[in-house]
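For reference, data20.txt (compact mmCIF, C-alpha atoms):
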# COMPACT_ATOMS: atom_id res chain seq x y z
CA MET G 82 -62.56 21.79 -104.58
CA THR G 83 -60.76 21.87 -107.92
CA PRO G 84 -58.61 18.81 -108.32
CA ALA G 85 -54.90 19.58 -108.73
CA ILE G 86 -54.30 16.00 -109.77
CA SER G 87 -56.69 13.67 -111.54
CA ALA G 88 -56.47 10.28 -113.16
CA THR G 89 -59.05 8.71 -115.44
CA GLY G 90 -58.95 5.03 -116.31
CA LEU G 91 -55.21 5.11 -115.74
CA THR G 92 -53.57 1.78 -116.57
CA ARG G 93 -49.90 0.96 -116.80
CA LYS G 94 -48.62 -2.42 -117.93
CA TYR G 95 -45.10 -3.74 -118.08
CA TYR G 96 -45.35 -6.63 -120.54
CA ASP G 97 -47.95 -8.84 -118.89
CA GLN G 98 -47.57 -7.22 -115.46
CA VAL G 99 -50.31 -4.74 -114.57
CA ALA G 100 -48.84 -2.05 -112.30
CA LEU G 101 -51.87 0.24 -112.38
CA ASP G 102 -55.31 -1.02 -113.25
CA ASP G 103 -58.03 1.46 -114.23
CA VAL G 104 -57.18 4.07 -111.59
CA HIS G 105 -59.58 6.95 -111.10
CA LEU G 106 -58.46 9.68 -108.75
CA ALA G 107 -59.12 13.32 -107.97
CA ILE G 108 -56.88 15.07 -105.47
CA GLY G 109 -58.06 18.44 -104.25
CA ALA G 110 -55.78 21.45 -104.60
CA GLY G 111 -54.08 22.51 -101.37
CA THR G 112 -54.49 19.23 -99.52
CA ILE G 113 -51.99 16.79 -98.06
CA THR G 114 -52.87 13.28 -99.19
CA GLY G 115 -51.30 10.04 -98.04
CA LEU G 116 -50.71 7.42 -100.72
CA LEU G 117 -50.69 4.13 -98.89
CA GLY G 118 -50.32 0.51 -99.83
CA ARG G 119 -48.00 -2.45 -99.71
CA ASN G 120 -44.73 -2.72 -101.57
CA GLY G 121 -45.44 -3.36 -105.22
CA ALA G 122 -48.98 -1.98 -104.97
CA GLY G 123 -48.29 0.59 -107.68
CA LYS G 124 -47.51 3.70 -105.60
CA THR G 125 -44.21 4.46 -107.31
CA THR G 126 -45.62 3.89 -110.80
CA LEU G 127 -48.49 6.25 -110.05
CA LEU G 128 -46.17 8.96 -108.73
CA ARG G 129 -43.79 8.60 -111.66
CA ILE G 130 -46.65 9.03 -114.12
CA LEU G 131 -47.97 12.03 -112.17
CA GLY G 132 -44.44 13.42 -112.15
CA GLY G 133 -44.24 13.12 -115.92
CA GLN G 134 -41.47 10.54 -115.79
CA GLU G 135 -43.47 7.74 -117.30
CA PHE G 136 -46.37 7.36 -119.73
CA PRO G 137 -49.66 5.59 -119.08
CA SER G 138 -50.40 2.49 -121.15
CA SER G 139 -53.96 3.74 -121.37
CA GLY G 140 -56.14 6.28 -119.65
CA SER G 141 -54.92 9.74 -118.74
CA VAL G 142 -53.63 11.95 -115.94
CA GLN G 143 -53.89 15.67 -115.47
CA VAL G 144 -51.69 17.68 -113.16
CA LEU G 145 -52.59 21.36 -112.80
CA GLY G 146 -54.95 20.99 -115.71
CA ALA G 147 -52.67 19.32 -118.26
CA ALA G 148 -50.83 16.09 -118.98
CA PRO G 149 -47.47 16.36 -117.18
CA ALA G 150 -45.24 14.29 -119.48
CA GLU G 151 -42.92 16.47 -121.61
CA ASN G 152 -44.85 19.55 -120.53
CA GLN G 153 -42.39 22.15 -119.20
CA ASP G 154 -45.16 24.42 -117.93
CA VAL G 155 -46.42 21.69 -115.64
CA LEU G 156 -43.05 20.16 -114.78
CA ARG G 157 -41.74 23.44 -113.37
CA ARG G 158 -44.74 23.59 -111.06
CA LEU G 159 -44.33 20.08 -109.71
CA VAL G 160 -41.59 18.29 -107.86
CA LEU G 161 -41.20 14.55 -107.42
CA VAL G 162 -38.84 13.31 -104.73
CA ARG G 163 -38.14 9.65 -105.24
CA GLU G 164 -37.10 6.99 -102.85
CA ASP G 165 -33.34 6.77 -103.07
CA GLN G 166 -33.19 9.74 -105.40
CA THR G 167 -30.22 10.03 -107.73
CA TYR G 168 -28.91 13.36 -108.98
CA PRO G 169 -28.23 14.36 -112.54
CA ASP G 170 -24.68 13.83 -113.68
CA TYR G 171 -23.37 12.82 -110.34
CA GLN G 172 -21.72 9.82 -111.86
CA GLY G 173 -20.09 11.92 -114.55
CA TYR G 174 -18.98 14.73 -112.23
CA PRO G 175 -17.22 13.38 -109.18
CA ASN G 176 -17.10 16.83 -107.57
CA PHE G 177 -20.82 17.44 -107.87
CA LYS G 178 -21.73 18.75 -104.44
CA VAL G 179 -24.88 19.27 -102.39
CA SER G 180 -24.67 22.99 -103.15
CA HIS G 181 -24.57 22.24 -106.89
CA ALA G 182 -27.70 20.11 -106.67
CA LEU G 183 -29.45 22.98 -104.87
CA ARG G 184 -28.22 25.51 -107.48
CA ALA G 185 -29.56 23.33 -110.28
CA ALA G 186 -32.91 23.05 -108.53
CA SER G 187 -33.02 26.82 -107.94
CA PHE G 188 -32.73 27.43 -111.70
CA PHE G 189 -35.50 25.01 -112.49
CA TYR G 190 -38.14 25.88 -109.88
CA PRO G 191 -39.56 29.40 -110.11
CA CYS G 192 -40.67 29.53 -106.44
CA TRP G 193 -37.39 28.15 -105.06
CA ASP G 194 -36.57 29.42 -101.54
CA ALA G 195 -32.82 29.36 -100.93
CA ASP G 196 -33.16 30.36 -97.26
CA LEU G 197 -35.51 27.48 -96.61
CA ALA G 198 -33.07 25.12 -98.34
CA SER G 199 -30.14 26.21 -96.20
CA SER G 200 -32.12 26.06 -92.97
CA LEU G 201 -33.24 22.54 -93.88
CA LEU G 202 -29.65 21.48 -94.55
CA GLU G 203 -28.76 22.82 -91.14
CA ASP G 204 -31.60 20.89 -89.48
CA PHE G 205 -30.52 17.73 -91.26
CA ARG G 206 -26.85 18.49 -90.48
CA LEU G 207 -25.96 18.08 -94.12
CA PRO G 208 -22.89 20.12 -95.19
CA ALA G 209 -23.47 22.02 -98.46
CA ASN G 210 -19.94 21.39 -99.67
CA LYS G 211 -20.14 17.64 -99.33
CA ALA G 212 -19.76 15.63 -102.57
CA ILE G 213 -22.97 13.89 -103.61
CA LYS G 214 -21.17 10.62 -104.28
CA SER G 215 -19.97 10.43 -100.67
CA LEU G 216 -23.40 11.00 -99.12
CA SER G 217 -24.90 8.22 -97.03
CA ARG G 218 -28.30 6.89 -97.93
CA GLY G 219 -29.93 8.99 -95.22
CA GLN G 220 -28.08 12.11 -96.37
CA ARG G 221 -29.28 11.55 -99.93
CA SER G 222 -32.81 11.34 -98.55
CA SER G 223 -32.27 14.57 -96.61
CA LEU G 224 -31.13 16.30 -99.78
CA GLY G 225 -34.19 15.01 -101.66
CA ILE G 226 -36.51 16.30 -98.94
CA THR G 227 -34.71 19.65 -98.89
CA ILE G 228 -35.21 20.06 -102.64
CA GLY G 229 -38.79 18.83 -102.41
CA LEU G 230 -39.72 21.42 -99.78
CA ALA G 231 -37.60 24.36 -100.97
CA ALA G 232 -38.98 24.02 -104.51
CA ARG G 233 -42.34 25.18 -103.11
CA ALA G 234 -43.90 23.56 -106.13
CA GLU G 235 -47.69 23.75 -106.45
CA VAL G 236 -47.74 19.98 -106.67
CA THR G 237 -45.26 18.23 -104.39
CA LEU G 238 -44.89 14.48 -104.74
CA PHE G 239 -42.88 12.48 -102.21
CA ASP G 240 -42.33 8.79 -102.86
CA GLU G 241 -41.16 7.16 -99.62
CA PRO G 242 -38.65 9.99 -99.29
CA TYR G 243 -36.93 8.79 -96.18
CA ALA G 244 -34.81 5.74 -96.84
CA GLY G 245 -32.05 5.63 -94.25
CA LEU G 246 -33.42 8.52 -92.16
CA ASP G 247 -33.59 8.02 -88.41
CA ALA G 248 -36.64 8.89 -86.30
CA VAL G 249 -35.29 12.36 -85.45
CA ALA G 250 -34.72 13.27 -89.09
CA ARG G 251 -38.14 11.96 -90.06
CA GLN G 252 -39.71 14.11 -87.37
CA ILE G 253 -37.84 17.11 -88.78
CA PHE G 254 -39.31 16.28 -92.18
CA TYR G 255 -42.88 16.07 -90.84
CA ASP G 256 -42.55 19.26 -88.79
CA ARG G 257 -40.98 21.28 -91.60
CA LEU G 258 -43.50 19.99 -94.12
CA LEU G 259 -46.40 21.08 -91.90
CA ALA G 260 -44.84 24.44 -91.10
CA ASP G 261 -44.06 25.31 -94.70
CA TYR G 262 -47.38 23.98 -95.94
CA ALA G 263 -49.14 26.21 -93.41
CA ASP G 264 -47.31 29.27 -94.77
CA PHE G 265 -47.41 28.22 -98.43
CA PRO G 266 -50.33 25.86 -99.01
CA ARG G 267 -49.82 23.47 -101.90
CA THR G 268 -50.92 20.03 -103.04
CA VAL G 269 -48.85 17.33 -101.40
CA LEU G 270 -49.01 13.63 -102.20
CA LEU G 271 -46.82 11.52 -99.92
CA SER G 272 -46.43 7.79 -100.24
CA THR G 273 -45.31 6.01 -97.12
CA HIS G 274 -45.40 2.70 -95.35
CA LEU G 275 -44.78 4.41 -91.98
CA ILE G 276 -48.48 5.02 -91.64
CA ASP G 277 -48.76 5.42 -87.89
CA GLU G 278 -46.04 8.05 -87.93
CA ALA G 279 -47.42 10.08 -90.79
CA ALA G 280 -51.16 9.52 -90.32
CA ALA G 281 -51.89 12.85 -88.65
CA LEU G 282 -50.37 14.80 -91.54
CA PHE G 283 -53.01 13.66 -93.96
CA GLU G 284 -56.28 15.34 -94.80
CA ASN G 285 -57.10 12.54 -97.24
CA VAL G 286 -55.80 9.07 -97.86
CA VAL G 287 -55.67 6.94 -100.97
CA VAL G 288 -55.00 3.25 -100.48
CA ILE G 289 -53.93 1.21 -103.48
CA ASP G 290 -53.44 -2.50 -103.74
CA ARG G 291 -52.40 -4.51 -106.81
CA GLY G 292 -52.70 -1.42 -108.94
CA ARG G 293 -56.25 -0.59 -107.92
CA VAL G 294 -57.64 2.13 -105.69
CA MET G 295 -59.11 0.44 -102.63
CA LEU G 296 -59.91 3.57 -100.65
CA ASP G 297 -60.03 7.28 -101.40
CA THR G 298 -61.44 9.22 -98.50
CA ALA G 299 -60.99 11.88 -95.82
CA ALA G 300 -58.58 10.64 -93.15
CA ASP G 301 -60.77 11.81 -90.31
CA GLY G 302 -63.79 10.01 -91.73
CA LEU G 303 -61.74 6.84 -91.73
CA ARG G 304 -60.88 7.02 -88.06
CA GLY G 305 -63.64 5.41 -86.09
CA MET G 306 -64.81 3.51 -89.16
CA ALA G 307 -63.94 0.23 -87.47
CA THR G 308 -63.62 -0.73 -83.83
CA THR G 309 -62.15 -3.64 -81.93
CA VAL G 310 -64.53 -5.08 -79.35
CA SER G 311 -62.91 -7.24 -76.72
CA GLY G 312 -64.01 -9.06 -73.59
CA PRO G 313 -65.75 -12.30 -72.61
CA VAL G 314 -66.62 -14.52 -75.61
CA LEU G 315 -70.36 -14.58 -75.01
CA ALA G 316 -70.55 -10.84 -74.55
CA VAL G 317 -68.53 -10.22 -77.72
CA ASN G 318 -70.78 -12.55 -79.68
CA SER G 319 -73.88 -10.89 -78.36
CA PHE G 320 -72.54 -7.40 -79.16
CA THR G 321 -71.36 -8.24 -82.68
CA GLY G 322 -74.52 -10.16 -83.65
CA GLY G 323 -75.93 -8.77 -86.89
CA ARG G 324 -72.96 -6.48 -87.61
CA PRO G 325 -70.32 -6.82 -90.30
CA VAL G 326 -67.25 -8.36 -88.68
CA TRP G 327 -63.79 -8.39 -90.29
CA GLU G 328 -61.85 -10.48 -87.94
CA ARG G 329 -62.41 -12.56 -84.87
CA ARG G 330 -59.85 -13.87 -82.44
CA GLY G 331 -60.26 -15.88 -79.29
CA LEU G 332 -58.13 -16.87 -76.37
CA GLY G 333 -59.81 -19.08 -73.80
CA SER G 334 -62.86 -17.30 -72.49
CA GLN G 335 -61.77 -13.98 -74.04
CA ALA G 336 -62.46 -12.86 -77.58
CA SER G 337 -62.01 -9.83 -79.77
CA ALA G 338 -63.68 -8.87 -83.02
CA VAL G 339 -63.27 -5.98 -85.43
CA ILE G 340 -66.61 -4.51 -86.37
CA VAL G 341 -67.28 -2.08 -89.19
CA GLY G 342 -69.35 1.04 -88.73
CA GLN G 343 -69.66 3.93 -86.34
CA ILE G 344 -70.33 3.27 -82.67
CA SER G 345 -73.39 5.06 -81.30
CA PRO G 346 -73.76 6.24 -77.69
CA GLU G 347 -76.26 3.40 -77.19
CA ASP G 348 -73.63 0.93 -78.44
CA ARG G 349 -71.18 2.34 -75.91
CA GLU G 350 -73.68 1.99 -73.12
CA ARG G 351 -74.40 -1.58 -74.14
CA ALA G 352 -70.69 -2.45 -74.41
CA ARG G 353 -70.15 -1.09 -70.93
CA SER G 354 -72.98 -3.06 -69.44
CA LEU G 355 -71.59 -6.19 -71.10
CA GLY G 356 -68.12 -5.47 -69.70
CA LEU G 357 -66.59 -4.97 -73.16
CA ASP G 358 -63.76 -2.70 -74.21
CA LEU G 359 -64.04 -0.68 -77.41
CA THR G 360 -60.88 0.47 -79.19
CA PRO G 361 -61.00 2.33 -82.51
CA LEU G 362 -58.75 0.95 -85.25
CA SER G 363 -55.83 3.16 -86.19
CA LEU G 364 -55.33 4.29 -89.76
CA GLN G 365 -52.51 1.80 -90.07
CA GLN G 366 -54.72 -1.09 -88.99
CA LEU G 367 -57.43 0.05 -91.39
CA VAL G 368 -54.99 0.16 -94.27
CA VAL G 369 -53.79 -3.33 -93.42
CA GLN G 370 -57.40 -4.47 -93.62
CA ALA G 371 -58.03 -2.57 -96.84
CA SER G 372 -54.94 -3.88 -98.61
CA GLY G 373 -54.88 -7.39 -97.27
CA GLY G 374 -57.15 -8.71 -99.99
CA SER G 375 -59.36 -10.10 -97.22
CA ALA G 376 -63.09 -9.73 -96.77
CA GLY G 377 -62.21 -6.45 -95.08
CA ALA G 378 -61.22 -4.82 -98.33
CA GLY G 379 -64.71 -5.01 -99.74
CA ALA G 380 -66.20 -3.85 -96.51
CA VAL G 381 -64.05 -0.71 -96.37
CA THR G 382 -64.43 0.27 -99.99
CA GLY G 383 -68.13 -0.48 -99.93
CA ARG G 384 -68.59 1.95 -97.10
CA ALA G 385 -66.21 4.55 -98.36
CA SER G 386 -67.99 4.87 -101.68
CA ALA G 387 -71.45 4.88 -100.12
CA MET A 121 -45.28 7.80 -80.28
CA PRO A 122 -43.58 11.14 -80.90
CA GLN A 123 -46.27 12.30 -83.32
CA MET A 124 -49.42 14.17 -82.43
CA ALA A 125 -48.41 15.45 -79.00
CA GLY A 126 -50.65 13.18 -76.99
CA LEU A 127 -53.63 12.82 -79.30
CA ASP A 128 -55.03 9.33 -79.64
CA GLU A 129 -54.40 7.82 -83.07
CA GLY A 130 -57.60 5.80 -83.18
CA GLY A 131 -60.10 8.53 -82.47
CA SER A 132 -61.23 11.36 -84.66
CA LEU A 133 -58.45 13.96 -84.47
CA PHE A 134 -60.56 17.08 -84.99
CA ALA A 135 -62.90 16.03 -82.18
CA GLN A 136 -59.90 15.59 -79.90
CA VAL A 137 -58.59 19.03 -80.78
CA ALA A 138 -62.02 20.47 -79.98
CA GLU A 139 -62.08 18.60 -76.69
CA ARG A 140 -58.61 19.83 -75.69
CA LEU A 141 -59.54 23.43 -76.42
CA ALA A 142 -62.82 23.05 -74.53
CA GLY A 143 -60.88 21.57 -71.62
CA GLU A 144 -58.55 24.54 -71.54
CA ILE A 145 -61.45 26.96 -71.57
CA ALA A 146 -63.22 25.07 -68.78
CA ASP A 147 -60.04 25.02 -66.66
CA GLY A 148 -59.55 28.74 -67.20
CA GLY A 149 -56.30 28.26 -69.13
CA LEU A 150 -57.92 30.12 -71.99
CA ALA A 151 -59.87 33.02 -70.50
CA GLU A 152 -63.02 34.50 -72.00
CA GLY A 153 -62.13 37.13 -74.56
CA GLU A 154 -58.69 35.61 -75.07
CA ARG A 155 -57.45 34.70 -78.53
CA VAL A 156 -57.46 30.98 -79.32
CA PRO A 157 -54.42 29.52 -81.13
CA SER A 158 -54.83 29.56 -84.91
CA SER A 159 -55.30 26.36 -86.88
CA ASN A 160 -51.69 26.58 -88.05
CA GLU A 161 -50.44 27.01 -84.49
CA LEU A 162 -52.52 24.06 -83.34
CA ALA A 163 -51.33 22.01 -86.32
CA ALA A 164 -47.69 22.67 -85.47
CA PHE A 165 -48.25 21.92 -81.79
CA TYR A 166 -50.20 18.69 -82.21
CA ARG A 167 -48.34 17.77 -85.41
CA ILE A 168 -51.51 17.34 -87.39
CA ASN A 169 -52.89 18.57 -90.69
CA PRO A 170 -53.98 22.25 -90.46
CA ALA A 171 -57.34 21.39 -92.02
CA THR A 172 -57.95 18.92 -89.18
CA ALA A 173 -57.05 21.58 -86.61
CA ALA A 174 -59.35 24.08 -88.33
CA LYS A 175 -62.18 21.58 -88.18
CA GLY A 176 -61.65 21.26 -84.42
CA ILE A 177 -61.90 25.03 -84.02
CA HIS A 178 -65.06 25.11 -86.13
CA VAL A 179 -66.76 22.60 -83.86
CA LEU A 180 -66.42 25.01 -80.94
CA ALA A 181 -67.33 28.03 -83.06
CA ASP A 182 -70.51 26.27 -84.22
CA GLU A 183 -71.43 25.70 -80.59
CA GLY A 184 -70.98 29.40 -79.94
CA LEU A 185 -68.06 28.82 -77.58
CA LEU A 186 -65.68 30.72 -79.85
CA GLU A 187 -66.28 33.94 -81.74
CA LYS A 188 -64.60 35.08 -84.89
CA GLN A 189 -63.16 38.56 -85.05
CA ARG A 190 -62.64 39.30 -88.67
CA GLY A 191 -59.01 39.47 -89.68
CA ILE A 192 -57.73 38.78 -86.18
CA GLY A 193 -58.77 35.26 -85.27
CA MET A 194 -60.96 33.28 -82.92
CA PHE A 195 -61.69 34.35 -79.36
CA VAL A 196 -63.29 32.63 -76.39
CA ALA A 197 -66.93 33.76 -76.21
CA THR A 198 -68.50 35.29 -73.12
CA GLY A 199 -70.16 32.64 -70.98
CA ALA A 200 -68.22 29.83 -72.68
CA ARG A 201 -66.60 28.65 -69.45
CA GLN A 202 -69.90 28.46 -67.55
CA ARG A 203 -71.51 26.53 -70.37
CA LEU A 204 -68.64 24.07 -70.55
CA LEU A 205 -68.64 23.51 -66.80
CA ALA A 206 -72.39 22.88 -66.87
CA ARG A 207 -71.89 20.38 -69.69
CA ARG A 208 -69.11 18.61 -67.83
CA ARG A 209 -71.28 18.27 -64.73
CA ALA A 210 -74.03 16.80 -66.86
CA GLU A 211 -71.54 14.32 -68.32
CA PHE A 212 -69.99 13.45 -64.98
CA THR A 213 -72.22 10.45 -64.35
CA GLU A 214 -71.63 8.94 -67.73
CA ARG A 215 -67.91 9.58 -67.85
CA TYR A 216 -66.89 8.77 -64.30
CA VAL A 217 -69.67 7.27 -62.21
CA GLN A 218 -70.84 4.63 -64.69
CA PRO A 219 -67.36 3.19 -65.38
CA LEU A 220 -66.74 3.19 -61.62
CA LEU A 221 -69.90 1.17 -61.02
CA THR A 222 -69.07 -1.23 -63.86
CA GLU A 223 -65.60 -1.96 -62.51
CA ALA A 224 -66.93 -2.28 -58.95
CA ALA A 225 -69.49 -4.82 -60.14
CA ARG A 226 -66.74 -6.77 -61.89
CA LEU A 227 -64.86 -6.93 -58.59
CA GLY A 228 -67.99 -7.90 -56.68
CA MET A 229 -68.12 -4.70 -54.65
CA ASP A 230 -71.51 -3.35 -53.65
CA THR A 231 -72.55 0.30 -53.55
CA GLY A 232 -72.07 0.53 -49.79
CA GLU A 233 -68.42 -0.54 -50.07
CA LEU A 234 -67.90 1.88 -52.89
CA ILE A 235 -69.29 4.80 -50.91
CA ALA A 236 -67.09 3.90 -47.95
CA MET A 237 -64.10 3.79 -50.28
CA ILE A 238 -64.86 7.21 -51.74
CA LYS A 239 -65.22 8.67 -48.23
CA ASP A 240 -61.87 7.17 -47.18
CA ALA A 241 -60.08 8.46 -50.26
CA SER A 242 -61.68 11.84 -49.84
CA SER A 243 -60.66 12.21 -46.17
CA GLU A 244 -57.10 11.17 -47.04
CA ARG A 245 -57.03 14.04 -49.48
CA GLU A 246 -58.20 16.61 -46.95
CA GLY A 247 -55.41 18.89 -45.88
CA VAL A 248 -53.42 17.87 -48.93
CA PRO A 249 -53.10 20.86 -51.21
CA VAL A 250 -54.50 20.04 -54.64

Rewrite the structure of this file - the entire thing - as structure tokens.
Amino acid sequence: MTPAISATGLTRKYYDQVALDDVHLAIGAGTITGLLGRNGAGKTTLLRILGGQEFPSSGSVQVLGAAPAENQDVLRRLVLVREDQTYPDYQGYPNFKVSHALRAASFFYPCWDADLASSLLEDFRLPANKAIKSLSRGQRSSLGITIGLAARAEVTLFDEPYAGLDAVARQIFYDRLLADYADFPRTVLLSTHLIDEAAALFENVVVIDRGRVMLDTAADGLRGMATTVSGPVLAVNSFTGGRPVWERRGLGSQASAVIVGQISPEDRERARSLGLDLTPLSLQQLVVQASGGSAGAGAVTGRASA
Amino acid sequence: MPQMAGLDEGGSLFAQVAERLAGEIADGGLAEGERVPSSNELAAFYRINPATAAKGIHVLADEGLLEKQRGIGMFVATGARQRLLARRRAEFTERYVQPLLTEAARLGMDTGELIAMIKDASSEREGVPV
């Protein structure tokens, strides 16, 4: 697949702080990718550079085939919704309303869908005539999401877009994103720390930690990559013997261990005869392992790149 | 969890979609010759990525359980239900009988007790509409 977004040797430093460290990425056109990692991992810096709002210190990025910074052709075909988004001039114009923000966006984005925008406002119960400065944090997030979806930009970047949104509003966001993506496929990159909630949206996931890419893989390939084995200590030890193990815990005569690698039908049979339970690790648990800086990180990346 | 309409987060999602569809065909919920929901419809229902849903459909199509009709969609193939039922019978031992025996062994029950238990449970069910 042609990459819609690519980064080559991308590094960004702030004085002696390294926010992004030699990042190489290729994100296929028309996919939804999750950008995952801890706070401060470099997610926002990456998205800002992809969105043309910041320059790399070294290395390069291409969005839709060109460098995005100061490139109007690319910028009109991409939208970046930031965490706690602010709106142009809203400090200078106290009467700047939700409807004005949408008008401004409609001029900028060639594929803007006004009907989609108003139906999203309705879903989020956000009145169009409300002044931006009096919006709550959650309402500002709703407005950002509305603009991000209604722009129908070929490249849609969401950076933790849901500060202050409750579970119902977040579900609306996920549902509307999927529905509109199904009708108008585009490249979506969504950073989030609510991994369990959003996991099923992703076709691919990129995990970054301390400015480096730890994992870049298909989400479905990741599921089942590691499994928790639990049961009697001796049985767990016998089952895990000779396998890479990330983590072991014990409580009295019971133990559990996280093993890396796919489980074969023979493994299942053996686990059953030993009286062991097998539970696949969720995406969230895998990301915790991959970004914890533990032995697990090497194990995941080693496998993913194999 | 409100996401994913009952799919299990840990397992492979496309395989679960395939399994759900196969289950519906086996139970007769999706009749032979009937149109199967599209990947976008499945994606919206299960709240998953459409590519994942499409992969689930492809698994069944590769097994010949679904047939593509160009420009219209995927349909349940002739004989799909019989094949799925045969497969389920073949898997019955592994999926149900083996775990039953394992748990019985854990509780110190022998096969004779187990058989008596199954007979009891079965006669209790008789006359009860299922």

From the list G:Ile340, G:Ile113, G:Ala198, G:Ala212, the nearest residue to chain A using only C-alpha atoms is G:Ile113

For chain G, list the residues within 9 Å of chain A, counting all atoms listed in the file, and write the list as a count of residues only. 33

Spatial neighbours of stretch 197-199 of chain A, max dist 7 Å, all atoms listed in the file, sep filter under 3 positions, as a PyMOL selection string: chain A and resi 152-153+185-187+202-203

One decimal place gives the atom CA of G:Thr321-atom CA of G:Glu350 separation as 14.2 Å

Could you tell me how far atom CA of G:Tyr96 lies from atom CA of G:Ser139, in Å and to one decimal?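 A separation of 13.5 Å between them.
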
Within 9 Å of G:Ser141, counting all atoms listed in the file, which residues qualify if same-chain residues fewer than 2 places away don't, as a ChimeraX atom specification? /G:87-92,136-139,143,148

Write out as a compact mmCIF listing (two decimals) with C-alpha atoms, in the coordinates of the input the residues lying within 10 Å of A:Glu139, counting only C-alpha atoms and excluding same-chain residues fewer than 4 positions away.
# COMPACT_ATOMS: atom_id res chain seq x y z
CA LEU A 133 -58.45 13.96 -84.47
CA PHE A 134 -60.56 17.08 -84.99
CA ALA A 135 -62.90 16.03 -82.18
CA GLY A 143 -60.88 21.57 -71.62
CA GLU A 144 -58.55 24.54 -71.54
CA ILE A 145 -61.45 26.96 -71.57
CA GLY A 176 -61.65 21.26 -84.42
CA ILE A 177 -61.90 25.03 -84.02
CA VAL A 179 -66.76 22.60 -83.86
CA LEU A 180 -66.42 25.01 -80.94

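Taking atom CA of G:Gly132 as the reference point, atom CA of G:Ala147 is found at 11.8 Å.
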